[in-house]
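Next comes structure_33.cif, a file with mmCIF, C-alpha atoms (C1' of nucleotides).
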```
data_entry
loop_
_atom_site.group_PDB
_atom_site.id
_atom_site.type_symbol
_atom_site.label_atom_id
_atom_site.label_comp_id
_atom_site.auth_asym_id
_atom_site.auth_seq_id
_atom_site.Cartn_x
_atom_site.Cartn_y
_atom_site.Cartn_z
ATOM 1 C CA MET K 1 -125.962 97.455 141.830
ATOM 2 C CA ILE K 2 -126.531 96.694 138.174
ATOM 3 C CA SER K 3 -126.902 93.070 137.173
ATOM 4 C CA ASP K 4 -125.038 91.037 134.581
ATOM 5 C CA ALA K 5 -127.817 91.086 132.006
ATOM 6 C CA GLU K 6 -128.240 94.805 132.518
ATOM 7 C CA ALA K 7 -124.515 95.308 132.074
ATOM 8 C CA VAL K 8 -124.709 93.754 128.622
ATOM 9 C CA LEU K 9 -127.021 96.568 127.558
ATOM 10 C CA MET K 10 -124.806 99.128 129.230
ATOM 11 C CA HIS K 11 -121.845 97.905 127.214
ATOM 12 C CA ALA K 12 -123.778 98.460 124.024
ATOM 13 C CA LEU K 13 -124.694 101.970 125.140
ATOM 14 C CA TRP K 14 -121.145 102.752 126.172
ATOM 15 C CA ALA K 15 -120.013 101.739 122.725
ATOM 16 C CA SER K 16 -122.572 103.955 121.048
ATOM 17 C CA SER K 17 -125.337 106.167 122.341
ATOM 18 C CA PRO K 18 -128.004 107.232 122.305
ATOM 19 C CA MET K 19 -129.842 104.189 120.981
ATOM 20 C CA THR K 20 -133.445 103.202 120.639
ATOM 21 C CA THR K 21 -134.956 99.970 121.909
ATOM 22 C CA GLU K 22 -135.059 98.793 118.346
ATOM 23 C CA GLN K 23 -131.373 99.377 117.815
ATOM 24 C CA LEU K 24 -130.453 97.725 121.082
ATOM 25 C CA LEU K 25 -132.626 94.784 120.234
ATOM 26 C CA ALA K 26 -130.949 94.420 116.858
ATOM 27 C CA GLN K 27 -127.462 94.836 118.200
ATOM 28 C CA VAL K 28 -127.587 93.098 121.540
ATOM 29 C CA GLY K 29 -130.772 91.056 121.703
ATOM 30 C CA GLU K 30 -129.837 89.364 118.495
ATOM 31 C CA ASN K 31 -126.630 87.685 119.574
ATOM 32 C CA GLN K 32 -127.792 87.377 123.143
ATOM 33 C CA GLY K 33 -130.858 85.467 122.076
ATOM 34 C CA TRP K 34 -133.150 87.909 123.871
ATOM 35 C CA GLN K 35 -136.753 88.566 122.930
ATOM 36 C CA GLU K 36 -138.031 92.082 122.622
ATOM 37 C CA GLY K 37 -139.781 91.939 125.992
ATOM 38 C CA THR K 38 -136.533 91.065 127.709
ATOM 39 C CA VAL K 39 -134.728 94.085 126.345
ATOM 40 C CA LYS K 40 -137.622 96.341 127.298
ATOM 41 C CA SER K 41 -137.655 95.023 130.860
ATOM 42 C CA LEU K 42 -133.949 95.470 131.277
ATOM 43 C CA LEU K 43 -134.117 99.017 129.954
ATOM 44 C CA ASN K 44 -136.810 99.825 132.469
ATOM 45 C CA ARG K 45 -134.822 98.427 135.335
ATOM 46 C CA LEU K 46 -131.807 100.441 134.266
ATOM 47 C CA LEU K 47 -133.974 103.554 134.153
ATOM 48 C CA ASN K 48 -135.303 102.905 137.650
ATOM 49 C CA LYS K 49 -131.803 102.405 138.913
ATOM 50 C CA GLY K 50 -130.758 105.678 137.331
ATOM 51 C CA ALA K 51 -128.070 103.971 135.270
ATOM 52 C CA ILE K 52 -129.404 105.311 131.993
ATOM 53 C CA SER K 53 -131.531 108.232 130.878
ATOM 54 C CA ALA K 54 -134.185 108.430 128.210
ATOM 55 C CA GLU K 55 -134.938 111.329 125.958
ATOM 56 C CA ARG K 56 -138.190 111.325 124.057
ATOM 57 C CA GLU K 57 -137.950 111.450 120.322
ATOM 58 C CA GLY K 58 -141.363 111.283 118.770
ATOM 59 C CA ARG K 59 -143.116 108.266 120.160
ATOM 60 C CA ARG K 60 -139.966 106.492 121.233
ATOM 61 C CA TYR K 61 -137.045 107.086 123.533
ATOM 62 C CA LEU K 62 -133.361 107.522 122.980
ATOM 63 C CA TYR K 63 -131.402 105.874 125.748
ATOM 64 C CA SER K 64 -128.039 107.057 127.008
ATOM 65 C CA PRO K 65 -125.789 105.872 129.824
ATOM 66 C CA VAL K 66 -125.679 107.895 133.011
ATOM 67 C CA LEU K 67 -123.384 105.527 134.849
ATOM 68 C CA THR K 68 -120.040 105.740 133.094
ATOM 69 C CA ARG K 69 -118.174 102.696 131.974
ATOM 70 C CA ASP K 70 -115.207 103.868 133.932
ATOM 71 C CA ASP K 71 -117.185 104.085 137.155
ATOM 72 C CA TYR K 72 -118.688 100.685 136.561
ATOM 73 C CA VAL K 73 -115.337 99.091 135.847
ATOM 74 C CA THR K 74 -113.801 100.728 138.894
ATOM 75 C CA GLN K 75 -116.614 99.594 141.106
ATOM 76 C CA GLN K 76 -116.501 96.006 139.889
ATOM 77 C CA SER K 77 -112.738 95.747 139.980
ATOM 78 C CA THR K 78 -112.374 97.367 143.367
ATOM 79 C CA SER K 79 -114.977 95.044 144.780
ATOM 80 C CA LEU K 80 -113.114 92.001 143.498
ATOM 81 C CA LEU K 81 -109.736 93.259 144.636
ATOM 82 C CA ASP K 82 -111.064 94.079 148.075
ATOM 83 C CA ARG K 83 -112.785 90.767 148.541
ATOM 84 C CA LEU K 84 -110.015 88.544 147.243
ATOM 85 C CA PHE K 85 -106.701 90.348 147.163
ATOM 86 C CA GLY K 86 -106.620 92.661 150.143
ATOM 87 C CA GLY K 87 -107.493 95.591 147.900
ATOM 88 C CA ARG K 88 -104.184 95.466 146.060
ATOM 89 C CA VAL K 89 -103.362 94.858 142.445
ATOM 90 C CA ALA K 90 -100.028 93.047 142.652
ATOM 91 C CA PRO K 91 -101.433 89.894 144.291
ATOM 92 C CA LEU K 92 -103.959 89.557 141.499
ATOM 93 C CA VAL K 93 -101.255 89.739 138.886
ATOM 94 C CA ALA K 94 -99.216 87.246 140.872
ATOM 95 C CA HIS K 95 -102.187 84.916 140.968
ATOM 96 C CA PHE K 96 -102.543 84.984 137.222
ATOM 97 C CA SER K 97 -98.855 84.602 136.795
ATOM 98 C CA GLU K 98 -98.866 81.417 138.861
ATOM 99 C CA HIS K 99 -101.581 80.011 136.671
ATOM 100 C CA ARG K 100 -99.741 80.839 133.478
ATOM 101 C CA LYS K 101 -102.502 83.149 132.432
ATOM 102 C CA LEU K 102 -100.109 86.002 131.923
ATOM 103 C CA SER K 103 -99.544 86.297 128.202
ATOM 104 C CA ALA K 104 -96.365 87.611 126.651
ATOM 105 C CA ARG K 105 -98.392 90.581 125.524
ATOM 106 C CA ASP K 106 -99.558 91.203 129.077
ATOM 107 C CA LYS K 107 -96.002 91.081 130.340
ATOM 108 C CA ALA K 108 -94.785 93.480 127.688
ATOM 109 C CA GLN K 109 -97.578 95.916 128.434
ATOM 110 C CA LEU K 110 -96.976 95.723 132.147
ATOM 111 C CA ARG K 111 -93.289 96.386 131.675
ATOM 112 C CA LYS K 112 -94.049 99.380 129.537
ATOM 113 C CA LEU K 113 -96.580 100.683 132.017
ATOM 114 C CA LEU K 114 -94.163 100.373 134.891
ATOM 115 C CA ARG K 115 -91.423 102.090 132.937
ATOM 116 C CA GLU K 116 -93.716 105.003 132.282
ATOM 117 C CA LEU K 117 -94.766 105.201 135.892
ATOM 118 C CA GLY K 118 -91.132 105.122 136.902
ATOM 119 C CA ASP K 119 -90.517 108.348 135.026
ATOM 120 C CA GLU K 120 -92.865 110.373 137.157
ATOM 121 C CA MET R 1 -121.928 79.418 141.632
ATOM 122 C CA ILE R 2 -121.432 80.283 145.285
ATOM 123 C CA SER R 3 -122.932 83.507 146.576
ATOM 124 C CA ASP R 4 -121.313 86.399 148.410
ATOM 125 C CA ALA R 5 -122.634 85.460 151.826
ATOM 126 C CA GLU R 6 -121.593 81.876 151.284
ATOM 127 C CA ALA R 7 -118.125 83.029 150.263
ATOM 128 C CA VAL R 8 -117.696 84.715 153.631
ATOM 129 C CA LEU R 9 -118.018 81.325 155.305
ATOM 130 C CA MET R 10 -115.692 79.765 152.761
ATOM 131 C CA HIS R 11 -113.038 82.321 153.624
ATOM 132 C CA ALA R 12 -113.236 81.359 157.262
ATOM 133 C CA LEU R 13 -112.897 77.696 156.344
ATOM 134 C CA TRP R 14 -110.015 78.365 154.013
ATOM 135 C CA ALA R 15 -108.240 80.129 156.834
ATOM 136 C CA SER R 16 -108.795 77.231 159.199
ATOM 137 C CA SER R 17 -110.604 73.936 158.890
ATOM 138 C CA PRO R 18 -112.371 71.867 159.889
ATOM 139 C CA MET R 19 -114.696 73.985 161.969
ATOM 140 C CA THR R 20 -117.979 73.407 163.709
ATOM 141 C CA THR R 21 -121.076 75.544 163.288
ATOM 142 C CA GLU R 22 -120.383 76.965 166.713
ATOM 143 C CA GLN R 23 -116.880 78.032 165.783
ATOM 144 C CA LEU R 24 -118.015 79.540 162.521
ATOM 145 C CA LEU R 25 -120.768 81.392 164.287
ATOM 146 C CA ALA R 26 -118.312 82.784 166.812
ATOM 147 C CA GLN R 27 -115.732 83.699 164.240
ATOM 148 C CA VAL R 28 -117.803 84.860 161.301
ATOM 149 C CA GLY R 29 -121.369 85.352 162.468
ATOM 150 C CA GLU R 30 -120.153 87.638 165.187
ATOM 151 C CA ASN R 31 -118.594 90.368 163.086
ATOM 152 C CA GLN R 32 -120.993 89.776 160.229
ATOM 153 C CA GLY R 33 -123.972 90.314 162.502
ATOM 154 C CA TRP R 34 -125.460 86.963 161.532
ATOM 155 C CA GLN R 35 -127.842 84.958 163.685
ATOM 156 C CA GLU R 36 -127.288 81.274 164.242
ATOM 157 C CA GLY R 37 -130.006 80.310 161.768
ATOM 158 C CA THR R 38 -128.315 82.278 159.041
ATOM 159 C CA VAL R 39 -125.033 80.467 159.432
ATOM 160 C CA LYS R 40 -126.791 77.092 159.479
ATOM 161 C CA SER R 41 -128.685 77.885 156.293
ATOM 162 C CA LEU R 42 -125.587 79.011 154.497
ATOM 163 C CA LEU R 43 -123.716 75.886 155.565
ATOM 164 C CA ASN R 44 -126.515 73.746 154.206
ATOM 165 C CA ARG R 45 -126.501 75.537 150.900
ATOM 166 C CA LEU R 46 -122.756 75.106 150.636
ATOM 167 C CA LEU R 47 -123.165 71.403 151.351
ATOM 168 C CA ASN R 48 -125.819 71.054 148.666
ATOM 169 C CA LYS R 49 -123.597 72.842 146.214
ATOM 170 C CA GLY R 50 -120.762 70.499 147.087
ATOM 171 C CA ALA R 51 -118.515 73.391 148.087
ATOM 172 C CA ILE R 52 -117.855 71.984 151.551
ATOM 173 C CA SER R 53 -117.955 68.568 153.195
ATOM 174 C CA ALA R 54 -119.116 67.562 156.653
ATOM 175 C CA GLU R 55 -117.679 64.868 158.847
ATOM 176 C CA ARG R 56 -119.712 63.752 161.826
ATOM 177 C CA GLU R 57 -118.082 64.158 165.190
ATOM 178 C CA GLY R 58 -120.424 63.029 167.914
ATOM 179 C CA ARG R 59 -123.665 64.917 167.484
ATOM 180 C CA ARG R 60 -122.208 67.698 165.412
ATOM 181 C CA TYR R 61 -120.363 68.112 162.151
ATOM 182 C CA LEU R 62 -116.924 69.288 161.247
ATOM 183 C CA TYR R 63 -117.005 71.298 158.039
ATOM 184 C CA SER R 64 -114.165 71.502 155.547
ATOM 185 C CA PRO R 65 -113.812 73.209 152.166
ATOM 186 C CA VAL R 66 -114.040 71.083 149.042
ATOM 187 C CA LEU R 67 -113.828 73.990 146.641
ATOM 188 C CA THR R 68 -110.317 75.397 146.971
ATOM 189 C CA ARG R 69 -109.662 79.029 147.517
ATOM 190 C CA ASP R 70 -107.416 79.014 144.522
ATOM 191 C CA ASP R 71 -110.147 77.680 142.255
ATOM 192 C CA TYR R 72 -112.627 80.173 143.607
ATOM 193 C CA VAL R 73 -110.234 83.081 143.160
ATOM 194 C CA THR R 74 -109.387 81.978 139.640
ATOM 195 C CA GLN R 75 -113.014 81.633 138.712
ATOM 196 C CA GLN R 76 -113.988 85.029 140.085
ATOM 197 C CA SER R 77 -110.985 86.839 138.642
ATOM 198 C CA THR R 78 -111.255 85.229 135.240
ATOM 199 C CA SER R 79 -114.904 86.130 135.063
ATOM 200 C CA LEU R 80 -114.177 89.775 135.815
ATOM 201 C CA LEU R 81 -111.231 89.948 133.427
ATOM 202 C CA ASP R 82 -113.264 88.370 130.646
ATOM 203 C CA ARG R 83 -116.254 90.627 131.111
ATOM 204 C CA LEU R 84 -114.387 93.886 131.500
ATOM 205 C CA PHE R 85 -110.855 93.643 130.197
ATOM 206 C CA GLY R 86 -110.907 91.335 127.237
ATOM 207 C CA GLY R 87 -109.587 88.515 129.383
ATOM 208 C CA ARG R 88 -106.214 90.156 129.891
ATOM 209 C CA VAL R 89 -104.460 91.364 132.980
ATOM 210 C CA ALA R 90 -102.532 94.362 131.723
ATOM 211 C CA PRO R 91 -105.611 96.481 130.990
ATOM 212 C CA LEU R 92 -106.834 95.984 134.530
ATOM 213 C CA VAL R 93 -103.549 97.158 135.942
ATOM 214 C CA ALA R 94 -103.621 100.111 133.560
ATOM 215 C CA HIS R 95 -107.102 100.970 134.761
ATOM 216 C CA PHE R 96 -105.984 101.067 138.371
ATOM 217 C CA SER R 97 -102.922 102.982 137.416
ATOM 218 C CA GLU R 98 -105.016 105.680 135.794
ATOM 219 C CA HIS R 99 -107.067 105.997 138.933
ATOM 220 C CA ARG R 100 -103.997 106.274 141.132
ATOM 221 C CA LYS R 101 -104.948 103.133 142.932
ATOM 222 C CA LEU R 102 -101.577 101.593 142.283
ATOM 223 C CA SER R 103 -99.616 101.912 145.495
ATOM 224 C CA ALA R 104 -95.849 102.180 145.633
ATOM 225 C CA ARG R 105 -95.871 98.737 147.175
ATOM 226 C CA ASP R 106 -97.890 97.378 144.262
ATOM 227 C CA LYS R 107 -95.465 98.866 141.783
ATOM 228 C CA ALA R 108 -92.469 97.438 143.591
ATOM 229 C CA GLN R 109 -94.047 94.002 143.724
ATOM 230 C CA LEU R 110 -95.002 94.125 140.081
ATOM 231 C CA ARG R 111 -91.492 95.101 139.085
ATOM 232 C CA LYS R 112 -90.080 92.252 141.118
ATOM 233 C CA LEU R 113 -92.563 89.808 139.648
ATOM 234 C CA LEU R 114 -91.730 90.857 136.114
ATOM 235 C CA ARG R 115 -88.034 90.623 136.758
ATOM 236 C CA GLU R 116 -88.467 87.071 137.977
ATOM 237 C CA LEU R 117 -90.586 86.158 135.005
ATOM 238 C CA GLY R 118 -88.017 87.653 132.721
ATOM 239 C CA ASP R 119 -85.386 85.250 133.999
ATOM 240 C CA GLU R 120 -87.236 82.182 132.862
ATOM 241 C "C1'" DC F 1 -163.040 107.192 111.365
ATOM 242 C "C1'" DA F 2 -161.740 102.555 112.387
ATOM 243 C "C1'" DA F 3 -158.362 99.042 112.626
ATOM 244 C "C1'" DC F 4 -153.721 98.250 113.154
ATOM 245 C "C1'" DA F 5 -149.011 98.699 114.308
ATOM 246 C "C1'" DA F 6 -145.394 100.516 117.198
ATOM 247 C "C1'" DC F 7 -143.953 101.830 121.719
ATOM 248 C "C1'" DG F 8 -143.433 102.127 126.473
ATOM 249 C "C1'" DT F 9 -145.466 100.238 131.004
ATOM 250 C "C1'" DT F 10 -147.098 96.564 133.953
ATOM 251 C "C1'" DT F 11 -147.436 92.166 135.337
ATOM 252 C "C1'" DA F 12 -145.641 87.289 135.651
ATOM 253 C "C1'" DC F 13 -143.027 83.708 137.305
ATOM 254 C "C1'" DA F 14 -139.341 80.578 138.492
ATOM 255 C "C1'" DA F 15 -134.739 80.449 140.538
ATOM 256 C "C1'" DG F 16 -131.343 82.288 143.587
ATOM 257 C "C1'" DT F 17 -130.093 85.109 147.845
ATOM 258 C "C1'" DG F 18 -130.011 87.132 152.407
ATOM 259 C "C1'" DT F 19 -131.742 86.418 156.631
ATOM 260 C "C1'" DG F 20 -133.849 84.000 159.975
ATOM 261 C "C1'" DA F 21 -137.383 80.965 162.680
ATOM 262 C "C1'" DT F 22 -139.307 76.460 163.536
ATOM 263 C "C1'" DC F 23 -139.188 71.424 163.788
ATOM 264 C "C1'" DG F 24 -137.454 66.937 165.094
ATOM 265 C "C1'" DT F 25 -134.205 64.281 167.139
ATOM 266 C "C1'" DT F 26 -130.560 63.057 170.091
ATOM 267 C "C1'" DT F 27 -128.301 63.388 174.569
ATOM 268 C "C1'" DG F 28 -126.894 64.822 179.008
ATOM 269 C "C1'" DC F 29 -128.611 65.989 183.571
ATOM 270 C "C1'" DC F 30 -131.720 65.898 187.731
ATOM 271 C "C1'" DG Q 1 -136.902 58.080 182.879
ATOM 272 C "C1'" DG Q 2 -138.403 62.590 181.661
ATOM 273 C "C1'" DC Q 3 -137.183 67.229 180.504
ATOM 274 C "C1'" DA Q 4 -134.286 70.698 178.675
ATOM 275 C "C1'" DA Q 5 -130.454 71.894 175.753
ATOM 276 C "C1'" DA Q 6 -127.912 71.314 171.542
ATOM 277 C "C1'" DC Q 7 -127.817 70.275 166.745
ATOM 278 C "C1'" DG Q 8 -128.871 69.673 162.113
ATOM 279 C "C1'" DA Q 9 -132.791 69.887 158.738
ATOM 280 C "C1'" DT Q 10 -136.817 72.287 156.953
ATOM 281 C "C1'" DC Q 11 -139.586 75.913 156.055
ATOM 282 C "C1'" DA Q 12 -140.334 80.943 155.470
ATOM 283 C "C1'" DC Q 13 -140.345 85.276 153.217
ATOM 284 C "C1'" DA Q 14 -139.054 89.348 150.907
ATOM 285 C "C1'" DC Q 15 -136.030 90.955 147.194
ATOM 286 C "C1'" DT Q 16 -133.332 90.500 142.996
ATOM 287 C "C1'" DT Q 17 -132.549 88.518 138.489
ATOM 288 C "C1'" DG Q 18 -133.422 86.412 133.975
ATOM 289 C "C1'" DT Q 19 -136.752 86.047 130.805
ATOM 290 C "C1'" DA Q 20 -140.819 87.207 128.733
ATOM 291 C "C1'" DA Q 21 -145.959 88.085 127.810
ATOM 292 C "C1'" DA Q 22 -149.960 91.168 128.310
ATOM 293 C "C1'" DC Q 23 -151.760 95.762 128.439
ATOM 294 C "C1'" DG Q 24 -152.654 100.506 127.219
ATOM 295 C "C1'" DT Q 25 -151.914 104.365 124.437
ATOM 296 C "C1'" DT Q 26 -150.948 106.842 120.441
ATOM 297 C "C1'" DG Q 27 -149.782 107.661 115.780
ATOM 298 C "C1'" DT Q 28 -150.744 105.901 110.960
ATOM 299 C "C1'" DT Q 29 -153.262 104.436 107.086
ATOM 300 C "C1'" DG Q 30 -156.879 102.699 104.169
#
```

Can I see the file as structure tokens?
Amino acid sequence: MISDAEAVLMHALWASSPMTTEQLLAQVGENQGWQEGTVKSLLNRLLNKGAISAEREGRRYLYSPVLTRDDYVTQQSTSLLDRLFGGRVAPLVAHFSEHRKLSARDKAQLRKLLRELGDE
Amino acid sequence: MISDAEAVLMHALWASSPMTTEQLLAQVGENQGWQEGTVKSLLNRLLNKGAISAEREGRRYLYSPVLTRDDYVTQQSTSLLDRLFGGRVAPLVAHFSEHRKLSARDKAQLRKLLRELGDE
DNA sequence: CAACAACGTTTACAAGTGTGATCGTTTGCC
DNA sequence: GGCAAACGATCACACTTGTAAACGTTGTTG
């Protein structure tokens, strides 16, 4: 539903909101190499999609996320899992494991997580 | 690089190749609700992108994957992990765990996987 | 009050996508 | 040998996306 470029703005808003266009431009546009017009367009598309809301403050708007980061992450992850791993998590982990992309830290965290789940 | 609709054809070819347009149409187009023209267009785009190859057989072509499923899966998964989970696997698993999307089967498989990795 | 600056809103435009129809050519059948 | 069917190759067209400029309005300041 929301595009990659739009998601970059969402991430900024999830990290801190509300924000003005100016703040978003400074914080995101800067390192993204985006011009002002680009940020404005993206904000408008997000508004039309209902992913953010805008509250007037003087002559400008304060933007806040409506779509939560958690919902977005769930939607993206579920879509990937469904398309490529039969909707299940273990095969994805196995895939990364086979490609040696599973760091020691990952393994430790997974072990801990599973121990905790085991206690239920 | 390759789009969602194109990936549907790739999946069919990964499952069994080579295949003719006719076979792909019967197998994929059918349950996807695609017309013949749609399948032909997608095959041409995949050819132009170098994701599949075509070998002439009489008046028709036999299509085979060039891009491997494993490479595609890695590329898609890595992209998601990088964008949403800092490039690491454990946070993704934790996310699913929090949303109770971790089935008993997943947990069992993860435990087994970690045990095997531990033996290295 | 007039000119300007700051904002949001509209418009632009090329590339990619989903979805298909049309065109041209080869080939098998009457 | 001509006509229809089967194929691949091209063209079509609306919609989304990335990226931005132009426009219109309103508040500010000399």

Excluding region 59-71 of chain K and any residue of its chain fewer than 5 positions from it, enumerate the residues within 6 Å of it, using all atoms listed in the file, and give them as number ranges by chain. K: 17-20, 51-54

Could you fit chain R onto chain K with a least-squares superposition over all C-alpha atoms, matched one to one in order, and give me the transformed chain as an mmCIF file with C-alpha atoms, in the coordinates of the input?
```
data_model
loop_
_atom_site.group_PDB
_atom_site.id
_atom_site.type_symbol
_atom_site.label_atom_id
_atom_site.label_comp_id
_atom_site.auth_asym_id
_atom_site.auth_seq_id
_atom_site.Cartn_x
_atom_site.Cartn_y
_atom_site.Cartn_z
ATOM 1 C CA MET R 1 -126.038 97.612 141.901
ATOM 2 C CA ILE R 2 -126.612 96.781 138.251
ATOM 3 C CA SER R 3 -126.991 93.143 137.287
ATOM 4 C CA ASP R 4 -125.117 91.081 134.721
ATOM 5 C CA ALA R 5 -127.864 91.131 132.124
ATOM 6 C CA GLU R 6 -128.292 94.848 132.595
ATOM 7 C CA ALA R 7 -124.553 95.340 132.173
ATOM 8 C CA VAL R 8 -124.735 93.759 128.733
ATOM 9 C CA LEU R 9 -127.032 96.569 127.625
ATOM 10 C CA MET R 10 -124.811 99.140 129.290
ATOM 11 C CA HIS R 11 -121.858 97.887 127.282
ATOM 12 C CA ALA R 12 -123.764 98.416 124.074
ATOM 13 C CA LEU R 13 -124.669 101.935 125.155
ATOM 14 C CA TRP R 14 -121.137 102.711 126.207
ATOM 15 C CA ALA R 15 -119.966 101.665 122.778
ATOM 16 C CA SER R 16 -122.505 103.883 121.067
ATOM 17 C CA SER R 17 -125.267 106.121 122.327
ATOM 18 C CA PRO R 18 -127.966 107.176 122.241
ATOM 19 C CA MET R 19 -129.783 104.133 120.951
ATOM 20 C CA THR R 20 -133.393 103.149 120.585
ATOM 21 C CA THR R 21 -134.922 99.941 121.891
ATOM 22 C CA GLU R 22 -135.016 98.706 118.328
ATOM 23 C CA GLN R 23 -131.317 99.284 117.817
ATOM 24 C CA LEU R 24 -130.431 97.673 121.107
ATOM 25 C CA LEU R 25 -132.598 94.713 120.289
ATOM 26 C CA ALA R 26 -130.908 94.312 116.924
ATOM 27 C CA GLN R 27 -127.435 94.754 118.285
ATOM 28 C CA VAL R 28 -127.590 93.040 121.648
ATOM 29 C CA GLY R 29 -130.779 91.009 121.811
ATOM 30 C CA GLU R 30 -129.817 89.262 118.629
ATOM 31 C CA ASN R 31 -126.611 87.601 119.748
ATOM 32 C CA GLN R 32 -127.799 87.326 123.324
ATOM 33 C CA GLY R 33 -130.888 85.423 122.245
ATOM 34 C CA TRP R 34 -133.163 87.894 124.007
ATOM 35 C CA GLN R 35 -136.771 88.550 123.068
ATOM 36 C CA GLU R 36 -138.050 92.074 122.706
ATOM 37 C CA GLY R 37 -139.799 91.975 126.078
ATOM 38 C CA THR R 38 -136.569 91.102 127.803
ATOM 39 C CA VAL R 39 -134.740 94.095 126.425
ATOM 40 C CA LYS R 40 -137.624 96.402 127.345
ATOM 41 C CA SER R 41 -137.694 95.112 130.908
ATOM 42 C CA LEU R 42 -133.989 95.527 131.341
ATOM 43 C CA LEU R 43 -134.129 99.065 129.974
ATOM 44 C CA ASN R 44 -136.846 99.916 132.455
ATOM 45 C CA ARG R 45 -134.870 98.537 135.342
ATOM 46 C CA LEU R 46 -131.840 100.524 134.271
ATOM 47 C CA LEU R 47 -133.985 103.649 134.113
ATOM 48 C CA ASN R 48 -135.347 103.035 137.598
ATOM 49 C CA LYS R 49 -131.852 102.529 138.893
ATOM 50 C CA GLY R 50 -130.794 105.781 137.282
ATOM 51 C CA ALA R 51 -128.090 104.043 135.261
ATOM 52 C CA ILE R 52 -129.403 105.348 131.947
ATOM 53 C CA SER R 53 -131.515 108.277 130.789
ATOM 54 C CA ALA R 54 -134.173 108.453 128.101
ATOM 55 C CA GLU R 55 -134.909 111.339 125.807
ATOM 56 C CA ARG R 56 -138.161 111.279 123.890
ATOM 57 C CA GLU R 57 -137.876 111.362 120.141
ATOM 58 C CA GLY R 58 -141.297 111.202 118.574
ATOM 59 C CA ARG R 59 -143.046 108.159 119.966
ATOM 60 C CA ARG R 60 -139.913 106.406 121.090
ATOM 61 C CA TYR R 61 -137.006 107.041 123.404
ATOM 62 C CA LEU R 62 -133.325 107.491 122.882
ATOM 63 C CA TYR R 63 -131.373 105.867 125.691
ATOM 64 C CA SER R 64 -128.009 107.057 126.952
ATOM 65 C CA PRO R 65 -125.759 105.902 129.793
ATOM 66 C CA VAL R 66 -125.683 107.948 132.977
ATOM 67 C CA LEU R 67 -123.412 105.580 134.845
ATOM 68 C CA THR R 68 -120.029 105.765 133.130
ATOM 69 C CA ARG R 69 -118.174 102.719 132.036
ATOM 70 C CA ASP R 70 -115.210 103.891 134.000
ATOM 71 C CA ASP R 71 -117.200 104.106 137.220
ATOM 72 C CA TYR R 72 -118.721 100.711 136.625
ATOM 73 C CA VAL R 73 -115.356 99.123 135.892
ATOM 74 C CA THR R 74 -113.815 100.727 138.954
ATOM 75 C CA GLN R 75 -116.631 99.575 141.162
ATOM 76 C CA GLN R 76 -116.532 95.997 139.915
ATOM 77 C CA SER R 77 -112.751 95.729 139.989
ATOM 78 C CA THR R 78 -112.392 97.311 143.396
ATOM 79 C CA SER R 79 -114.985 94.971 144.796
ATOM 80 C CA LEU R 80 -113.140 91.929 143.484
ATOM 81 C CA LEU R 81 -109.739 93.184 144.612
ATOM 82 C CA ASP R 82 -111.062 93.950 148.080
ATOM 83 C CA ARG R 83 -112.778 90.616 148.515
ATOM 84 C CA LEU R 84 -110.012 88.430 147.163
ATOM 85 C CA PHE R 85 -106.698 90.231 147.114
ATOM 86 C CA GLY R 86 -106.612 92.505 150.099
ATOM 87 C CA GLY R 87 -107.480 95.459 147.903
ATOM 88 C CA ARG R 88 -104.180 95.361 146.051
ATOM 89 C CA VAL R 89 -103.357 94.790 142.436
ATOM 90 C CA ALA R 90 -100.043 92.982 142.613
ATOM 91 C CA PRO R 91 -101.449 89.820 144.204
ATOM 92 C CA LEU R 92 -103.977 89.503 141.414
ATOM 93 C CA VAL R 93 -101.278 89.727 138.801
ATOM 94 C CA ALA R 94 -99.230 87.196 140.750
ATOM 95 C CA HIS R 95 -102.208 84.866 140.816
ATOM 96 C CA PHE R 96 -102.569 84.994 137.055
ATOM 97 C CA SER R 97 -98.874 84.622 136.645
ATOM 98 C CA GLU R 98 -98.894 81.415 138.647
ATOM 99 C CA HIS R 99 -101.623 80.041 136.450
ATOM 100 C CA ARG R 100 -99.766 80.930 133.272
ATOM 101 C CA LYS R 101 -102.527 83.241 132.252
ATOM 102 C CA LEU R 102 -100.128 86.100 131.780
ATOM 103 C CA SER R 103 -99.548 86.411 128.061
ATOM 104 C CA ALA R 104 -96.357 87.747 126.541
ATOM 105 C CA ARG R 105 -98.377 90.741 125.452
ATOM 106 C CA ASP R 106 -99.548 91.325 129.015
ATOM 107 C CA LYS R 107 -95.999 91.178 130.291
ATOM 108 C CA ALA R 108 -94.770 93.604 127.666
ATOM 109 C CA GLN R 109 -97.562 96.035 128.447
ATOM 110 C CA LEU R 110 -96.962 95.779 132.158
ATOM 111 C CA ARG R 111 -93.271 96.447 131.715
ATOM 112 C CA LYS R 112 -94.033 99.474 129.593
ATOM 113 C CA LEU R 113 -96.573 100.741 132.092
ATOM 114 C CA LEU R 114 -94.142 100.394 134.964
ATOM 115 C CA ARG R 115 -91.405 102.118 133.050
ATOM 116 C CA GLU R 116 -93.693 105.060 132.420
ATOM 117 C CA LEU R 117 -94.740 105.203 136.031
ATOM 118 C CA GLY R 118 -91.140 105.096 137.073
ATOM 119 C CA ASP R 119 -90.425 108.287 135.166
ATOM 120 C CA GLU R 120 -92.822 110.361 137.187
#
```

Any chance you could tabulate, as a tab-separated table, the residues of chain Q at most 9 Å from chain R with each one's nearest atom pair and distance in Å to one decimal, using all atoms listed in the file, in chain and rising number order?
```
residue	atom	partner	partner_atom	distance
Q:DA6	C1'	R:Arg59	CA	8.7
Q:DC7	C1'	R:Arg60	CA	6.3
Q:DG8	C1'	R:Arg60	CA	7.7
Q:DA9	C1'	R:Asn44	CA	8.6
```

How far is it from CA of Leu43 (chain K) to CA of Ser79 (chain R), in Å with one decimal? 23.7 Å
